[in-house]
Amino acid sequence: MRTVRESVLDVLRTRGITTVFGNPGSTELPMLKQFPDDFRYVLGLQEAVVVGMADGFALASGTTALVNLHTGPGTGNAMGAVLNARANRTPMVVTAGQQHRAMLTMEALLTNQQPTLLPQPAVKWAYEPPRPADVAPALARAVQLAETPPHGPVFLSLPMDDFDAELTEAEDLAARTAAARRVTHAAAPDTAAVAALADRISRARSAVLVVGDDVDASGAWDAVVALAERTGLPVWAAPISARVSFPRNHPQFRGELTAAIGPLGRQLAGHDLVVVLGAPVFRYYPYVPGAPLPEGTELVLLTRDAEEAAKAPVGDAIVADLALAARALADRLPAAGSAPAAPRRQEQAPEAAGDGVLTPLAALRAVAQGAPENTLWVNESPSNVPQFHEVTRIAAPGSYLFSAGGGLGFGAAAAVGAQLGAPDRPVVCVIGDGSIHYAVQALWTAAAYRVPVTFVVLSNARYAILQWFAQLEQAQGAPGLDIPGIDITAVATGYGVRAHRAQGAGELTKLVRDSAAQQDGPVLIDVPVTTEFPSL
C-alpha cells in the first residue's frame, strides 16, 4: 500500500511542481523525509523570504509555486509576503505543517489552533484536510484554485502524522484522478458587449487606452499591442504598475499615470473615453482628492477579475479573457492612423553631486547601459521608479517585476526566485538600501545555490519614499526615516556574496555588465546616490 507522502509527490509531479521553497520545522519533517531526487528544495532563512522567492519564481516561470512553512509561527512570519503575492496575483500553494492529530484537541506545543483563519484574507482558500486520505486530493484542488483567474495563493494545513498513513487503492486512484484534471480558463467576451464598446471607441472624439499588469501576466501583450496599433490610440500604463504591459519605447506610449485621484483625473483631460485593460480602476495612493475622471469622460474596463470589475468606482466593465477580448475588439474596428508620438522627455540631470555621489538618474542610466537586452528586471526602489523607466524603456513581455502590494520585502527575495524560474535570462535587481533589509536573508540563498543575480543597491541611508510622504502629508519631523551606519557590502560578504561599491558611472556600468555575463553566483553592487523625490 502506498503512503500519503507518495501520493502527494505524484500529485506534484503530475502538476509539474517539483521545486519546493521552504524553511522547515519539526512539523514539516515527515513531509520532507526521503526527499526524492527529481525534486529541488530551496531553503530560505526566514519565512517571508521563502514566500518572496516563490513569488518571483512563479511570476518569472509562468508556473505555480509551492511553499512549505512551519505551522502557525512560520505562517505568521510569512504573512506580509503572502499579502504581496495576493496583490501580485501569483499562483502559489502555501503548505504548513500541523501538530499530530492525536494532540490537536489538547492544543499541544506548535498546534496551529485556527489554521484556516490565520492566513485570511491573504489567500483565496484555506483548508485542513479532515482525513489523511484527503491530503493529496486537497493539494490537487489547491493547485486548481491557485491557477484560476485571478491567480493567487492558497493555503493547506497538513498534520504531521498524515504522511506515513497508508492509502487504499481507491484512495490513491482518487488522488491521481484529481491531479490529472485540466481546467481551461478562457472566457470569450460577450459579442454584443464587444460590439457596443467598438461603437463607443469609433464615436469617441478622443479615446485612450490604459494597460495594466494582467496584460503581461495573462499573455495578452501581443493582442493589446495589435489593438493599440490598429486604433492608433495613445496608451498609458496604469498607476503603480507591477509589470510592464506595453512597450515603453513605442511611439504611442505616453507614460505611467499618477496614483492620486485628482491628478490622475487631470492627466486624462481631453479624452472622452478611457478603455482600461487588465488593471484595477485605479491603484491609488496617496490620497489627493478630486474627480476620478474629467467631466463627461466615460470609462470601460476589460478584465479577467470579476472582483476588480465590481469594485471599480467609475465606468462599465467586461469580464473576459484579455487576449480574446482585445482581438475581438480589434476585429471590429477600422484601421486608423497612429496618434502623434509623444515627445520623449530628456532629463539632463548632472551625473554626480558635488561630493561625487551619483544622482539616481545617472546611476540607473549606468545600470541600464551595462545590462543585457534580455534582462529580467526586479525593482524595489520605490522613490526612483520614474527614473528607472526613463532609462530602461522595457519593450518585451515578461521583463519587469515590482510588488503590487505596497509592502517592502519583495525585491531581493523575488529576484532570487525569478533567476531560478528563468535561468536563461540575466536578472538585475534594482533595490533601495532600505528595501533590501526587509529580505536580506535572500542573499544567503543566492550564494548557497549560486544563483547569478545582480543586486544593485541604491544607497542614500534613508527611507526616501517615506520622507517624500512626510512632505506630502505634512508630517515633517516624523522619526525613524534615516538609516545611517549600514555597510551593505559587509553584510553581503557575510552571507557569501561578492560585493563591490561603485565609485562612478563608468565603473558601475562595467560591474553590471561583468556580473550579468557570469553564472558563478550572485554579485551585489552598492551605489551611493543622492536623494530625489518623485512628483505627482
# chains A, B, ... in the order shown; residues from 1 in each chain; ligands from 1
>>> closest_atom_pairs(of="segment 384-438 of chain A", to="segment 50-66 of chain A", cutoff="8 Å", atoms="only C-alpha atoms", output="JSON lines")
{"residue": "A:Gly398", "atom": "CA", "partner": "A:Ala60", "partner_atom": "CA", "distance": 7.0}
{"residue": "A:Leu401", "atom": "CA", "partner": "A:Gly56", "partner_atom": "CA", "distance": 7.9}
{"residue": "A:Gly409", "atom": "CA", "partner": "A:Gly52", "partner_atom": "CA", "distance": 7.4}
{"residue": "A:Phe410", "atom": "CA", "partner": "A:Gly52", "partner_atom": "CA", "distance": 5.6}
{"residue": "A:Gly411", "atom": "CA", "partner": "A:Gly52", "partner_atom": "CA", "distance": 7.9}
{"residue": "A:Ala413", "atom": "CA", "partner": "A:Met53", "partner_atom": "CA", "distance": 4.6}
{"residue": "A:Ala414", "atom": "CA", "partner": "A:Gly56", "partner_atom": "CA", "distance": 3.9}
{"residue": "A:Ala415", "atom": "CA", "partner": "A:Gly56", "partner_atom": "CA", "distance": 6.2}
{"residue": "A:Val416", "atom": "CA", "partner": "A:Met53", "partner_atom": "CA", "distance": 6.0}
{"residue": "A:Gly417", "atom": "CA", "partner": "A:Met53", "partner_atom": "CA", "distance": 4.1}
{"residue": "A:Ala418", "atom": "CA", "partner": "A:Phe57", "partner_atom": "CA", "distance": 4.5}
{"residue": "A:Gln419", "atom": "CA", "partner": "A:Phe57", "partner_atom": "CA", "distance": 7.3}
{"residue": "A:Leu420", "atom": "CA", "partner": "A:Phe57", "partner_atom": "CA", "distance": 6.3}
{"residue": "A:Gly421", "atom": "CA", "partner": "A:Phe57", "partner_atom": "CA", "distance": 4.6}
{"residue": "A:Ala422", "atom": "CA", "partner": "A:Ser61", "partner_atom": "CA", "distance": 5.8}
>>> residues_around(residues="segment 328-339 of chain A", least_positions_apart="3", cutoff="12 Å", atoms="only C-alpha atoms", output="PyMOL selection string")
chain A and resi 188-203+206-209+222-235+250-254+275+277+302+318+320-325+342-343
>>> atom_distance(atom1="atom CA of Ile486 of chain A", atom2="atom CA of Ala48 of chain A")
21.7 Å
>>> atom_distance(atom1="atom CA of Ala447 of chain A", atom2="atom CA of His389 of chain A")
28.7 Å
>>> atom_distance(atom1="atom CA of Leu45 of chain A", atom2="atom CA of Met31 of chain A")
18.9 Å
>>> closest_residue(among="A:Leu156, A:Leu173, A:Ala81, A:Val4", to="Thr116 of chain A", atoms="only C-alpha atoms")
A:Leu156
>>> residues_around(residues="segment 357-360 of chain A", least_positions_apart="5", cutoff="10 Å", atoms="only C-alpha atoms", output="VMD selection string")
chain A and resid 349 to 352 365 to 366 383 to 385 387 to 388 458 to 460 502 to 505 527 to 532
>>> residues_around(residues="Ala174 of chain A", least_positions_apart="5", cutoff="10 Å", atoms="only C-alpha atoms", output="ChimeraX atom specification")
/A:7,133-134,136-137,168-169,179
>>> write_last_selection(atoms="C-alpha atoms", output="PDB file, in the first residue's frame")
ATOM      1  CA  SER A   7       0.578  10.159  -3.324  1.00  0.00           C
ATOM      2  CA  ALA A 133      -6.711  10.236   2.647  1.00  0.00           C
ATOM      3  CA  ASP A 134      -7.873  13.761   1.755  1.00  0.00           C
ATOM      4  CA  ALA A 136      -3.428  14.565  -1.865  1.00  0.00           C
ATOM      5  CA  PRO A 137      -6.874  15.407  -3.370  1.00  0.00           C
ATOM      6  CA  THR A 168      -6.298   2.104  -0.132  1.00  0.00           C
ATOM      7  CA  GLU A 169      -6.070   1.562  -3.861  1.00  0.00           C
ATOM      8  CA  ALA A 179      -4.291  15.662 -10.140  1.00  0.00           C
TER       9      ALA A 179
END
>>> closest_residue(among="A:Pro452, A:Gly290, A:Gly22, A:Pro382", to="Gly432 of chain A", atoms="only C-alpha atoms")
A:Pro382
>>> select_by_dssp(residues="segment 379-489 of chain A", states="helix (DSSP H, G or I)", output="PyMOL selection string")
chain A and resi 382-392+411-421+435-438+442-448+464-472+488-489
>>> write_last_selection(atoms="N, CA and C atoms", output="CSV table (one decimal), in the first residue's frame")
chain,number,residue,atom,x,y,z
A,382,PRO,N,11.4,52.3,-4.6
A,382,PRO,CA,10.1,53.0,-4.9
A,382,PRO,C,10.3,54.5,-5.2
A,383,SER,N,11.3,55.1,-4.6
A,383,SER,CA,11.4,56.6,-4.8
A,383,SER,C,12.0,56.9,-6.2
A,384,ASN,N,12.5,55.8,-6.9
A,384,ASN,CA,13.2,56.1,-8.1
A,384,ASN,C,12.6,55.4,-9.3
A,385,VAL,N,11.3,55.0,-9.2
A,385,VAL,CA,10.7,54.3,-10.3
A,385,VAL,C,10.6,55.1,-11.6
A,386,PRO,N,10.2,56.4,-11.5
A,386,PRO,CA,10.1,57.1,-12.8
A,386,PRO,C,11.5,57.2,-13.5
A,387,GLN,N,12.5,57.4,-12.8
A,387,GLN,CA,13.9,57.4,-13.4
A,387,GLN,C,14.2,56.1,-14.0
A,388,PHE,N,13.9,55.0,-13.3
A,388,PHE,CA,14.1,53.6,-13.8
A,388,PHE,C,13.5,53.4,-15.1
A,389,HIS,N,12.2,53.7,-15.2
A,389,HIS,CA,11.5,53.5,-16.5
A,389,HIS,C,12.1,54.4,-17.6
A,390,GLU,N,12.5,55.6,-17.2
A,390,GLU,CA,13.0,56.6,-18.2
A,390,GLU,C,14.2,56.0,-18.9
A,391,VAL,N,15.1,55.3,-18.2
A,391,VAL,CA,16.3,54.8,-18.8
A,391,VAL,C,16.3,53.4,-19.3
A,392,THR,N,15.4,52.6,-18.8
A,392,THR,CA,15.3,51.2,-19.3
A,392,THR,C,14.4,51.0,-20.5
A,411,GLY,N,11.6,42.6,-3.3
A,411,GLY,CA,12.6,42.7,-4.3
A,411,GLY,C,13.7,41.7,-4.3
A,412,ALA,N,14.5,41.6,-3.2
A,412,ALA,CA,15.7,40.7,-3.1
A,412,ALA,C,15.2,39.3,-3.2
A,413,ALA,N,14.2,38.9,-2.5
A,413,ALA,CA,13.7,37.5,-2.5
A,413,ALA,C,13.2,37.2,-3.9
A,414,ALA,N,12.3,38.0,-4.4
A,414,ALA,CA,11.8,37.7,-5.7
A,414,ALA,C,12.8,37.6,-6.8
A,415,ALA,N,13.9,38.4,-6.7
A,415,ALA,CA,15.0,38.3,-7.7
A,415,ALA,C,15.6,36.9,-7.7
A,416,VAL,N,15.8,36.4,-6.5
A,416,VAL,CA,16.4,35.1,-6.4
A,416,VAL,C,15.5,34.0,-7.0
A,417,GLY,N,14.2,34.1,-6.7
A,417,GLY,CA,13.2,33.2,-7.3
A,417,GLY,C,13.1,33.4,-8.7
A,418,ALA,N,13.1,34.6,-9.2
A,418,ALA,CA,13.0,34.9,-10.7
A,418,ALA,C,14.1,34.3,-11.4
A,419,GLN,N,15.4,34.4,-10.9
A,419,GLN,CA,16.5,33.8,-11.6
A,419,GLN,C,16.4,32.3,-11.6
A,420,LEU,N,15.9,31.6,-10.6
A,420,LEU,CA,15.7,30.2,-10.6
A,420,LEU,C,14.6,29.8,-11.5
A,421,GLY,N,13.6,30.7,-11.7
A,421,GLY,CA,12.5,30.4,-12.6
A,421,GLY,C,12.8,30.7,-14.1
A,435,SER,N,15.0,49.0,1.4
A,435,SER,CA,14.2,47.8,1.0
A,435,SER,C,14.9,46.5,1.2
A,436,ILE,N,16.2,46.5,0.9
A,436,ILE,CA,16.9,45.2,0.9
A,436,ILE,C,16.9,44.5,2.3
A,437,HIS,N,16.8,45.3,3.3
A,437,HIS,CA,16.9,44.7,4.7
A,437,HIS,C,15.6,44.1,5.1
A,438,TYR,N,14.6,44.3,4.4
A,438,TYR,CA,13.3,43.5,4.7
A,438,TYR,C,13.4,42.1,4.2
A,442,ALA,N,17.7,36.7,1.8
A,442,ALA,CA,17.7,36.1,0.4
A,442,ALA,C,19.2,36.1,-0.1
A,443,LEU,N,20.0,36.9,0.4
A,443,LEU,CA,21.4,36.9,-0.1
A,443,LEU,C,22.1,35.6,0.2
A,444,TRP,N,21.8,35.0,1.3
A,444,TRP,CA,22.4,33.7,1.7
A,444,TRP,C,21.9,32.6,0.7
A,445,THR,N,20.6,32.6,0.4
A,445,THR,CA,20.1,31.6,-0.5
A,445,THR,C,20.7,31.8,-1.9
A,446,ALA,N,20.9,33.0,-2.3
A,446,ALA,CA,21.5,33.3,-3.6
A,446,ALA,C,22.9,32.7,-3.7
A,447,ALA,N,23.7,32.9,-2.6
A,447,ALA,CA,25.1,32.4,-2.5
A,447,ALA,C,25.1,30.9,-2.4
A,448,ALA,N,24.3,30.4,-1.5
A,448,ALA,CA,24.3,28.9,-1.3
A,448,ALA,C,24.0,28.1,-2.5
A,464,ALA,N,13.7,57.1,1.6
A,464,ALA,CA,13.4,58.3,0.9
A,464,ALA,C,12.0,58.4,0.5
A,465,ILE,N,11.3,57.3,0.2
A,465,ILE,CA,9.9,57.4,-0.2
A,465,ILE,C,9.1,57.8,1.0
A,466,LEU,N,9.5,57.5,2.2
A,466,LEU,CA,8.7,57.9,3.4
A,466,LEU,C,9.0,59.4,3.7
A,467,GLN,N,10.2,59.8,3.4
A,467,GLN,CA,10.4,61.3,3.6
A,467,GLN,C,9.6,62.1,2.6
A,468,TRP,N,9.4,61.5,1.4
A,468,TRP,CA,8.5,62.2,0.4
A,468,TRP,C,7.1,62.2,0.9
A,469,PHE,N,6.6,61.1,1.5
A,469,PHE,CA,5.3,61.0,2.0
A,469,PHE,C,5.1,62.0,3.2
A,470,ALA,N,6.2,62.1,4.0
A,470,ALA,CA,6.1,63.0,5.1
A,470,ALA,C,5.9,64.5,4.7
A,471,GLN,N,6.5,64.8,3.6
A,471,GLN,CA,6.3,66.2,3.0
A,471,GLN,C,4.9,66.3,2.5
A,472,LEU,N,4.4,65.3,1.8
A,472,LEU,CA,3.1,65.3,1.1
A,472,LEU,C,2.0,65.4,2.2
A,488,ILE,N,26.2,47.6,3.5
A,488,ILE,CA,25.6,46.5,2.8
A,488,ILE,C,26.6,45.6,2.2
A,489,THR,N,27.8,46.2,1.8
A,489,THR,CA,28.8,45.3,1.2
A,489,THR,C,29.3,44.3,2.2
>>> closest_residue(among="A:Leu29, A:Ala220, A:Val20, A:Val211", to="Pro280 of chain A", atoms="only C-alpha atoms")
A:Val211
